[in-house]
Amino acid sequence: MIKPSIPKGTRDFSPVEMMRRNYIFQTIRSVFERHAYLPIETPSMENLSTLMGKYGEEGDRLLFKILNSGDFTQGVDMTEPSATRLATKICEKGLRYDLTVPFARYVVQHQSEITFPFKRYQMQPVWRADRPQKGRYREFYQCDADVVGTNSLLNEAELMQITSEIFEKFGINVVIKVNNRKILSGIADVLGEADKITDICTAIDKLDKIGKENVCAELQERGLSCKAIEKLQPFFDFTGSNDEKLAKLSEIFANSEIGTKGVEELRKMLEYAAILNIKANIELDITLARGLNYYTGAIFEVKALDVSIGSISGGGRYDNLTGIFGLKNVSGVGISYGAERIYDVLNELQLFPKSLENPIRVLILNFGDQEERYALAALQEIRKASIVAEIFPDKAKIGKQMTFANNKGIPFVVMAGEDEIKDNVFTLKNMETGEQEKLSIENIILKIK
């Protein structure tokens with residue numbers, strides 16, 4: 001007999017967990033829609049030509065590839081080394097790695113139907129062949145908001161405002177870390193290694209995970225000179241307020257056009273944020289790199305202050321992504337919220353509303369055919385009053401039905417026997433206090449509400 005199991009990095013969700021997850025999705029959705037973002041969905045799988053080369057070498061390695069058909073592998077031992085070479089020839093599709101690249105493909109494919117600037121949100125699962133660990137799964141949901149067709153930095157400020165509102169609703173204290181890819185390009189300019197900007201970004205992005213020494217070692221492996229790595233050291237300990245950091249960068253980038261442009265964009269973005277009175281703490285972090293190749297301007301990363309976990313949100317501006325699919329000069333900016341990590345943070349800080357534990361408010365007991373018919377009419381009235389209720393489906397001993405209510409945490413039980421039917425009333429029992437009273441269905445509804 002096969003032992004039931006699921007793939008590593010995936011999970012089943014209980015009813016309570018689903019109630020909590022839906023709370024996360026509904027909260028995020030409400031903020032998106034208030035800011036005029038509209039929903040779309042894209043397929044779980046995309047052509048590999050759409051996905052490959054958009055996420056850097058690490059992202060390409062973590063893509064789940066899909067065989068064209070099982071028939072291609074008939075009679076082949078897929079554990080043999082030769083099978084790997086065969087698989088590369090018969091895979092044309094992959095599970096989506098994120099929602100941004102499929103969105104860029106969607107924009108190009110449906111450009112004649114879209115009014116630009118186009119604001120959309122998307123809440124769907126993505127897959128990565130990563131090593132499972134706390135807060136990191138192989139299948140997980142992302143909640144994305146993007147706007148394409150405008151270069152305005154108002155959009156960056158609005159995404160920070162959306163982020164602040166979402167986490168304020170959740171009760172999570174966060175810091176929004178910001179940087180600009182042009183700042184990183186400016187640093188590469190100053191180091192005299194402009195052609196190694198991708199290597200520098202990929203290594204710096206791991207600073208929190210592997211530390212300064214290992215980042216420097218990786219940069220050396222990637223071909224950066226010792227002199228360039230030595231020049232990079234002051235950037236690892238860049239301190240002061242956001243304004244002070246920008247002032248220092250302006251001096252450093254006096255001879256770097258792209259670096260100066262990055263400073264100007266950050267300064268304007270932060271000015272907009274101040275006008276919007278964004279409540280969350282916003283911190284300029286010049287070591288923030290976001291290891292995705294398609295970012296070209298502002299980049300964001302959100303961290304919870306009271307929990308030790310990785311980033312719970314991130315994003316940035318991408319000027320060239322739709323150009324890869326044939327639609328040039330369409331700039332976009334977006335941010336993504338990791339539902340799984342937000343769940344873990346809310347759970348650890350015990351911030352989920354207690355009402356999510358069990359939404360069922362009433363159980364109507366079943367004493368037989370006549371009583372069941374009488375109870376069904378009451379059940380309809382209770383549900384019409386927007387109270388979540390159910391009837392025990394079988395005639396069973398009252399003890400069994402009461403145990404069912406207790407096990408599900410249902411706070412009220414409604415009963416009706418011969419006497420209640422005769423008087424056109426019901427007995428309402430409060431399962432917490434044990435108090436019982438006979439009431440009309442109208443008064444029962446008032447009591448429960």
# chains A, B, ... in the order shown; residues from 1 in each chain; ligands from 1
>>> residues_around(residues="A:Leu63", least_positions_apart="6", cutoff="12 Å", atoms="only C-alpha atoms", output="list in words")
Met45, Glu46, Asn47, Leu48, Thr50, Leu51, Met52, Gly53, Lys54, Tyr55, Gly56, Glu57, Cys91, Lys93, Gly94, Leu95, Arg96, Tyr97, Asp98, Val126, Trp127, Arg128, Ala129, Asp130, Arg138 and Glu139 of chain A
>>> write_last_selection(atoms="N, CA and C atoms", output="short mmCIF file (atom, residue, chain, number, x, y, z; two decimals), in the first residue's frame")
data_model
loop_
_atom_site.label_atom_id
_atom_site.label_comp_id
_atom_site.auth_asym_id
_atom_site.auth_seq_id
_atom_site.Cartn_x
_atom_site.Cartn_y
_atom_site.Cartn_z
N MET A 45 1.43 27.58 -16.46
CA MET A 45 2.64 27.28 -17.24
C MET A 45 2.79 28.31 -18.36
N GLU A 46 4.05 28.58 -18.68
CA GLU A 46 4.40 29.48 -19.77
C GLU A 46 5.39 28.76 -20.68
N ASN A 47 5.53 29.23 -21.90
CA ASN A 47 6.59 28.71 -22.76
C ASN A 47 7.95 29.03 -22.14
N LEU A 48 8.88 28.08 -22.24
CA LEU A 48 10.21 28.32 -21.66
C LEU A 48 10.87 29.53 -22.30
N THR A 50 9.51 32.23 -22.90
CA THR A 50 9.02 33.39 -22.14
C THR A 50 9.79 33.56 -20.85
N LEU A 51 10.12 32.43 -20.20
CA LEU A 51 10.69 32.47 -18.85
C LEU A 51 12.21 32.55 -18.80
N MET A 52 12.88 31.81 -19.67
CA MET A 52 14.34 31.68 -19.57
C MET A 52 15.04 33.01 -19.84
N GLY A 53 16.10 33.27 -19.06
CA GLY A 53 16.93 34.45 -19.27
C GLY A 53 16.39 35.73 -18.66
N LYS A 54 15.27 35.64 -17.91
CA LYS A 54 14.66 36.84 -17.32
C LYS A 54 14.98 37.00 -15.84
N TYR A 55 15.51 35.94 -15.21
CA TYR A 55 15.70 35.96 -13.76
C TYR A 55 17.16 35.81 -13.33
N GLY A 56 18.08 35.84 -14.27
CA GLY A 56 19.47 35.61 -13.93
C GLY A 56 19.77 34.13 -13.89
N GLU A 57 21.02 33.79 -13.71
CA GLU A 57 21.45 32.38 -13.77
C GLU A 57 20.81 31.55 -12.66
N CYS A 91 11.32 19.52 -23.49
CA CYS A 91 10.67 20.49 -22.60
C CYS A 91 10.55 21.82 -23.32
N LYS A 93 7.93 24.01 -22.02
CA LYS A 93 7.12 24.80 -21.09
C LYS A 93 7.71 24.70 -19.68
N GLY A 94 7.33 25.67 -18.85
CA GLY A 94 7.76 25.64 -17.44
C GLY A 94 6.70 26.28 -16.56
N LEU A 95 6.67 25.88 -15.29
CA LEU A 95 5.78 26.53 -14.33
C LEU A 95 6.30 27.94 -14.08
N ARG A 96 5.38 28.89 -13.95
CA ARG A 96 5.83 30.29 -13.81
C ARG A 96 6.64 30.45 -12.52
N TYR A 97 7.70 31.23 -12.62
CA TYR A 97 8.64 31.50 -11.52
C TYR A 97 8.17 32.69 -10.70
N ASP A 98 7.51 33.64 -11.38
CA ASP A 98 6.92 34.79 -10.70
C ASP A 98 5.72 35.25 -11.54
N VAL A 126 3.03 30.48 -7.65
CA VAL A 126 4.23 30.37 -8.48
C VAL A 126 5.06 29.21 -7.93
N TRP A 127 6.04 28.76 -8.74
CA TRP A 127 6.81 27.58 -8.35
C TRP A 127 8.31 27.83 -8.56
N ARG A 128 9.10 27.39 -7.59
CA ARG A 128 10.56 27.49 -7.70
C ARG A 128 11.19 26.23 -7.12
N ALA A 129 12.14 25.67 -7.85
CA ALA A 129 12.81 24.44 -7.43
C ALA A 129 13.89 24.77 -6.41
N ASP A 130 13.48 25.39 -5.32
CA ASP A 130 14.40 25.88 -4.29
C ASP A 130 14.48 24.85 -3.16
N ARG A 138 8.38 25.54 -2.34
CA ARG A 138 8.50 25.33 -3.79
C ARG A 138 7.23 25.76 -4.51
N GLU A 139 6.12 25.74 -3.81
CA GLU A 139 4.87 26.26 -4.35
C GLU A 139 4.34 27.29 -3.37
#
>>> residues_around(residues="A:Asn407", least_positions_apart="5", cutoff="12 Å", atoms="only C-alpha atoms", output="mmCIF file with C-alpha atoms, in the first residue's frame")
data_model
loop_
_atom_site.group_PDB
_atom_site.id
_atom_site.type_symbol
_atom_site.label_atom_id
_atom_site.label_comp_id
_atom_site.auth_asym_id
_atom_site.auth_seq_id
_atom_site.Cartn_x
_atom_site.Cartn_y
_atom_site.Cartn_z
ATOM 1 C CA ASN A 358 -14.344 29.192 13.336
ATOM 2 C CA ILE A 360 -19.762 28.822 12.161
ATOM 3 C CA LEU A 363 -25.617 24.400 14.963
ATOM 4 C CA LYS A 400 -23.070 13.134 19.948
ATOM 5 C CA GLN A 401 -24.471 16.301 18.406
ATOM 6 C CA MET A 402 -23.310 18.443 21.342
ATOM 7 C CA MET A 431 -22.214 26.649 24.616
#
>>> closest_residue(among="A:Val263, A:Leu246, A:Cys201, A:Ile342", to="A:Phe140", atoms="only C-alpha atoms")
A:Ile342
>>> residues_around(residues="stretch 286-300 of chain A", least_positions_apart="2", cutoff="8 Å", atoms="only C-alpha atoms", output="NGL selection string")
:A and (54-56 or 59 or 156 or 176-184 or 198 or 201-202 or 204-205 or 207 or 235-236 or 238 or 262 or 265-266 or 284 or 302 or 313-321 or 335)
>>> write_last_selection(atoms="N, CA and C atoms", output="mmCIF file, in the first residue's frame")
data_model
loop_
_atom_site.group_PDB
_atom_site.id
_atom_site.type_symbol
_atom_site.label_atom_id
_atom_site.label_comp_id
_atom_site.auth_asym_id
_atom_site.auth_seq_id
_atom_site.Cartn_x
_atom_site.Cartn_y
_atom_site.Cartn_z
ATOM 1 N N LYS A 54 15.269 35.640 -17.908
ATOM 2 C CA LYS A 54 14.657 36.842 -17.322
ATOM 3 C C LYS A 54 14.981 36.998 -15.841
ATOM 4 N N TYR A 55 15.514 35.943 -15.214
ATOM 5 C CA TYR A 55 15.699 35.960 -13.758
ATOM 6 C C TYR A 55 17.156 35.811 -13.329
ATOM 7 N N GLY A 56 18.077 35.837 -14.275
ATOM 8 C CA GLY A 56 19.469 35.614 -13.930
ATOM 9 C C GLY A 56 19.766 34.131 -13.887
ATOM 10 N N GLY A 59 17.883 32.141 -11.154
ATOM 11 C CA GLY A 59 16.468 31.970 -11.465
ATOM 12 C C GLY A 59 16.246 30.909 -12.519
ATOM 13 N N GLU A 156 5.951 54.720 -8.055
ATOM 14 C CA GLU A 156 6.794 54.146 -7.001
ATOM 15 C C GLU A 156 6.290 54.570 -5.628
ATOM 16 N N ILE A 176 10.420 49.672 4.863
ATOM 17 C CA ILE A 176 10.484 49.579 3.401
ATOM 18 C C ILE A 176 11.874 50.028 2.976
ATOM 19 N N LYS A 177 12.700 49.085 2.550
ATOM 20 C CA LYS A 177 14.050 49.419 2.098
ATOM 21 C C LYS A 177 13.990 49.746 0.609
ATOM 22 N N VAL A 178 14.646 50.833 0.216
ATOM 23 C CA VAL A 178 14.606 51.267 -1.179
ATOM 24 C C VAL A 178 16.019 51.513 -1.700
ATOM 25 N N ASN A 179 16.166 51.329 -2.989
ATOM 26 C CA ASN A 179 17.406 51.665 -3.686
ATOM 27 C C ASN A 179 17.041 51.880 -5.144
ATOM 28 N N ASN A 180 18.044 52.061 -5.984
ATOM 29 C CA ASN A 180 17.819 52.260 -7.406
ATOM 30 C C ASN A 180 18.938 51.544 -8.160
ATOM 31 N N ARG A 181 18.578 50.784 -9.176
ATOM 32 C CA ARG A 181 19.592 50.054 -9.935
ATOM 33 C C ARG A 181 20.617 51.004 -10.559
ATOM 34 N N LYS A 182 20.200 52.249 -10.817
ATOM 35 C CA LYS A 182 21.150 53.215 -11.378
ATOM 36 C C LYS A 182 22.218 53.579 -10.341
ATOM 37 N N ILE A 183 21.864 53.519 -9.054
ATOM 38 C CA ILE A 183 22.862 53.721 -7.990
ATOM 39 C C ILE A 183 23.910 52.617 -8.059
ATOM 40 N N LEU A 184 23.434 51.378 -8.232
ATOM 41 C CA LEU A 184 24.367 50.245 -8.317
ATOM 42 C C LEU A 184 25.236 50.351 -9.567
ATOM 43 N N THR A 198 26.076 43.157 -13.449
ATOM 44 C CA THR A 198 25.239 42.000 -13.090
ATOM 45 C C THR A 198 25.901 41.166 -12.008
ATOM 46 N N CYS A 201 25.627 43.075 -8.672
ATOM 47 C CA CYS A 201 24.263 43.024 -8.117
ATOM 48 C C CYS A 201 23.960 41.643 -7.532
ATOM 49 N N THR A 202 24.337 40.601 -8.269
ATOM 50 C CA THR A 202 24.049 39.232 -7.816
ATOM 51 C C THR A 202 24.739 38.951 -6.493
ATOM 52 N N ILE A 204 26.047 41.314 -4.205
ATOM 53 C CA ILE A 204 25.611 42.235 -3.147
ATOM 54 C C ILE A 204 24.235 41.834 -2.610
ATOM 55 N N ASP A 205 23.396 41.275 -3.477
ATOM 56 C CA ASP A 205 22.045 40.876 -3.074
ATOM 57 C C ASP A 205 22.067 39.802 -1.982
ATOM 58 N N LEU A 207 24.143 39.867 0.610
ATOM 59 C CA LEU A 207 24.858 40.407 1.770
ATOM 60 C C LEU A 207 24.244 39.965 3.096
ATOM 61 N N PHE A 235 30.862 51.282 0.897
ATOM 62 C CA PHE A 235 29.433 51.199 0.570
ATOM 63 C C PHE A 235 28.688 50.195 1.456
ATOM 64 N N PHE A 236 29.431 49.249 2.042
ATOM 65 C CA PHE A 236 28.795 48.260 2.923
ATOM 66 C C PHE A 236 28.350 48.887 4.240
ATOM 67 N N PHE A 238 27.287 52.264 4.799
ATOM 68 C CA PHE A 238 26.820 53.593 4.421
ATOM 69 C C PHE A 238 25.754 54.038 5.413
ATOM 70 N N GLY A 262 20.285 58.125 -10.759
ATOM 71 C CA GLY A 262 19.699 57.296 -9.706
ATOM 72 C C GLY A 262 19.423 58.086 -8.441
ATOM 73 N N GLU A 265 16.327 60.319 -9.004
ATOM 74 C CA GLU A 265 15.086 59.548 -8.968
ATOM 75 C C GLU A 265 14.708 59.185 -7.536
ATOM 76 N N LEU A 266 15.686 58.757 -6.749
ATOM 77 C CA LEU A 266 15.415 58.409 -5.348
ATOM 78 C C LEU A 266 14.936 59.620 -4.564
ATOM 79 N N LEU A 284 16.730 54.141 2.906
ATOM 80 C CA LEU A 284 17.584 53.993 1.733
ATOM 81 C C LEU A 284 18.720 53.035 2.070
ATOM 82 N N VAL A 302 10.706 44.783 1.600
ATOM 83 C CA VAL A 302 9.991 45.039 2.844
ATOM 84 C C VAL A 302 10.342 43.962 3.858
ATOM 85 N N SER A 313 8.119 41.227 1.069
ATOM 86 C CA SER A 313 7.626 41.907 -0.121
ATOM 87 C C SER A 313 8.813 42.512 -0.854
ATOM 88 N N GLY A 314 8.684 42.664 -2.156
ATOM 89 C CA GLY A 314 9.765 43.275 -2.917
ATOM 90 C C GLY A 314 9.325 43.586 -4.335
ATOM 91 N N GLY A 315 10.070 44.454 -4.997
ATOM 92 C CA GLY A 315 9.731 44.800 -6.376
ATOM 93 C C GLY A 315 10.622 45.883 -6.916
ATOM 94 N N GLY A 316 10.182 46.513 -8.005
ATOM 95 C CA GLY A 316 10.989 47.570 -8.599
ATOM 96 C C GLY A 316 10.518 47.946 -9.990
ATOM 97 N N ARG A 317 11.267 48.848 -10.623
ATOM 98 C CA ARG A 317 10.931 49.327 -11.977
ATOM 99 C C ARG A 317 11.708 48.532 -13.012
ATOM 100 N N TYR A 318 11.004 48.235 -14.104
ATOM 101 C CA TYR A 318 11.609 47.498 -15.220
ATOM 102 C C TYR A 318 11.250 48.225 -16.517
ATOM 103 N N ASP A 319 12.261 48.777 -17.187
ATOM 104 C CA ASP A 319 12.006 49.565 -18.400
ATOM 105 C C ASP A 319 12.051 48.740 -19.677
ATOM 106 N N ASN A 320 12.672 47.576 -19.638
ATOM 107 C CA ASN A 320 12.932 46.854 -20.881
ATOM 108 C C ASN A 320 12.231 45.502 -20.975
ATOM 109 N N LEU A 321 11.396 45.159 -19.996
ATOM 110 C CA LEU A 321 10.858 43.799 -19.952
ATOM 111 C C LEU A 321 9.925 43.504 -21.129
ATOM 112 N N ILE A 335 5.272 45.610 -7.446
ATOM 113 C CA ILE A 335 5.704 45.067 -6.166
ATOM 114 C C ILE A 335 4.945 43.770 -5.912
#
>>> select_by_dssp(residues="stretch 213-375 of chain A", states="helix (DSSP H, G or I)", output="number ranges by chain")
A: 213-221, 226-236, 242-252, 257-275, 322-325, 339-348, 354-356, 369-375
>>> write_last_selection(atoms="C-alpha atoms", output="compact mmCIF listing (two decimals), in the first residue's frame")
# COMPACT_ATOMS: atom_id res chain seq x y z
CA GLU A 213 33.50 38.58 3.62
CA ASN A 214 31.70 35.96 1.53
CA VAL A 215 30.29 38.63 -0.79
CA CYS A 216 33.81 39.93 -1.39
CA ALA A 217 35.05 36.37 -2.00
CA GLU A 218 32.28 35.80 -4.53
CA LEU A 219 33.07 39.08 -6.30
CA GLN A 220 36.71 38.01 -6.55
CA GLU A 221 35.59 34.68 -8.06
CA CYS A 226 41.18 43.45 -5.50
CA LYS A 227 41.38 47.22 -6.00
CA ALA A 228 37.71 47.39 -7.04
CA ILE A 229 36.63 45.22 -4.08
CA GLU A 230 38.62 47.48 -1.72
CA LYS A 231 36.85 50.56 -3.18
CA LEU A 232 33.51 48.83 -2.55
CA GLN A 233 34.07 48.46 1.23
CA PRO A 234 32.76 51.92 2.29
CA PHE A 235 29.43 51.20 0.57
CA PHE A 236 28.80 48.26 2.92
CA ASN A 242 18.13 59.19 3.77
CA ASP A 243 18.98 62.82 2.95
CA GLU A 244 22.54 62.41 4.26
CA LYS A 245 23.04 59.25 2.22
CA LEU A 246 21.77 60.97 -0.93
CA ALA A 247 24.11 63.91 -0.31
CA LYS A 248 27.10 61.55 0.03
CA LEU A 249 26.11 59.71 -3.14
CA SER A 250 25.82 62.99 -5.06
CA GLU A 251 29.45 63.72 -4.21
CA ILE A 252 30.65 60.21 -5.08
CA GLU A 257 25.87 60.27 -15.18
CA ILE A 258 23.90 57.11 -14.42
CA GLY A 259 24.69 57.28 -10.69
CA THR A 260 23.57 60.93 -10.57
CA LYS A 261 20.33 59.98 -12.35
CA GLY A 262 19.70 57.30 -9.71
CA VAL A 263 20.17 59.84 -6.90
CA GLU A 264 17.73 62.26 -8.57
CA GLU A 265 15.09 59.55 -8.97
CA LEU A 266 15.41 58.41 -5.35
CA ARG A 267 15.21 61.96 -4.06
CA LYS A 268 12.03 62.68 -6.03
CA MET A 269 10.46 59.37 -5.01
CA LEU A 270 11.10 60.10 -1.33
CA GLU A 271 9.67 63.63 -1.74
CA TYR A 272 6.43 62.12 -3.07
CA ALA A 273 6.40 59.66 -0.16
CA ALA A 274 6.65 62.56 2.29
CA ILE A 275 3.72 64.36 0.63
CA THR A 322 8.11 44.16 -22.57
CA GLY A 323 10.80 45.01 -25.13
CA ILE A 324 11.99 41.41 -24.88
CA PHE A 325 8.60 40.40 -26.29
CA ALA A 339 1.42 35.37 1.12
CA GLU A 340 3.29 32.49 2.81
CA ARG A 341 5.74 34.72 4.65
CA ILE A 342 3.00 37.16 5.65
CA TYR A 343 1.09 34.15 7.04
CA ASP A 344 4.12 33.04 9.06
CA VAL A 345 4.63 36.55 10.46
CA LEU A 346 0.95 36.98 11.41
CA ASN A 347 0.97 33.52 13.00
CA GLU A 348 4.16 34.10 15.00
CA LYS A 354 -9.90 35.30 16.56
CA SER A 355 -13.07 35.21 14.45
CA LEU A 356 -11.12 33.27 11.80
CA ASP A 369 -38.22 13.82 10.63
CA GLN A 370 -40.81 16.25 12.06
CA GLU A 371 -38.22 18.23 14.03
CA GLU A 372 -35.87 18.30 11.02
CA ARG A 373 -38.53 19.91 8.80
CA TYR A 374 -39.27 22.50 11.48
CA ALA A 375 -35.54 23.18 11.90
>>> closest_residue(among="A:Glu442, A:Glu168, A:Glu58, A:Asp237", to="A:Ala304", atoms="only C-alpha atoms")
A:Glu168
>>> closest_residue(among="A:Val333, A:Ile309, A:Leu276, A:Ala188", to="A:Phe253", atoms="only C-alpha atoms")
A:Ala188
>>> residues_around(residues="stretch 395-398 of chain A", least_positions_apart="4", cutoff="7 Å", atoms="only C-alpha atoms", output="JSON, numbers by chain")
{"A": [366, 367, 368, 402]}
>>> write_last_selection(atoms="C-alpha atoms", output="CSV table (one decimal), in the first residue's frame")
chain,number,residue,atom,x,y,z
A,366,ASN,CA,-31.7,17.1,14.5
A,367,PHE,CA,-34.2,15.1,16.5
A,368,GLY,CA,-36.1,13.3,13.8
A,402,MET,CA,-23.3,18.4,21.3
>>> atom_distance(atom1="atom CA of A:Leu99", atom2="atom CA of A:Phe25")
15.6 Å
>>> decode(residues="stretch 29-54 of chain A", atoms="C-alpha atoms", output="CSV table (one decimal), in the first residue's frame")
chain,number,residue,atom,x,y,z
A,29,ARG,CA,-7.1,42.8,-2.6
A,30,SER,CA,-9.1,45.5,-0.8
A,31,VAL,CA,-6.1,47.9,-0.8
A,32,PHE,CA,-5.2,47.1,-4.4
A,33,GLU,CA,-8.7,47.8,-5.6
A,34,ARG,CA,-9.0,51.1,-3.6
A,35,HIS,CA,-5.9,52.3,-5.5
A,36,ALA,CA,-7.6,51.4,-8.9
A,37,TYR,CA,-5.7,48.3,-9.7
A,38,LEU,CA,-7.7,45.7,-11.7
A,39,PRO,CA,-7.4,41.9,-11.5
A,40,ILE,CA,-6.0,39.5,-14.2
A,41,GLU,CA,-4.9,35.9,-14.3
A,42,THR,CA,-2.4,34.1,-16.5
A,43,PRO,CA,-1.8,30.3,-17.0
A,44,SER,CA,0.2,28.3,-14.5
A,45,MET,CA,2.6,27.3,-17.2
A,46,GLU,CA,4.4,29.5,-19.8
A,47,ASN,CA,6.6,28.7,-22.8
A,48,LEU,CA,10.2,28.3,-21.7
A,49,SER,CA,11.1,31.0,-24.2
A,50,THR,CA,9.0,33.4,-22.1
A,51,LEU,CA,10.7,32.5,-18.8
A,52,MET,CA,14.3,31.7,-19.6
A,53,GLY,CA,16.9,34.5,-19.3
A,54,LYS,CA,14.7,36.8,-17.3
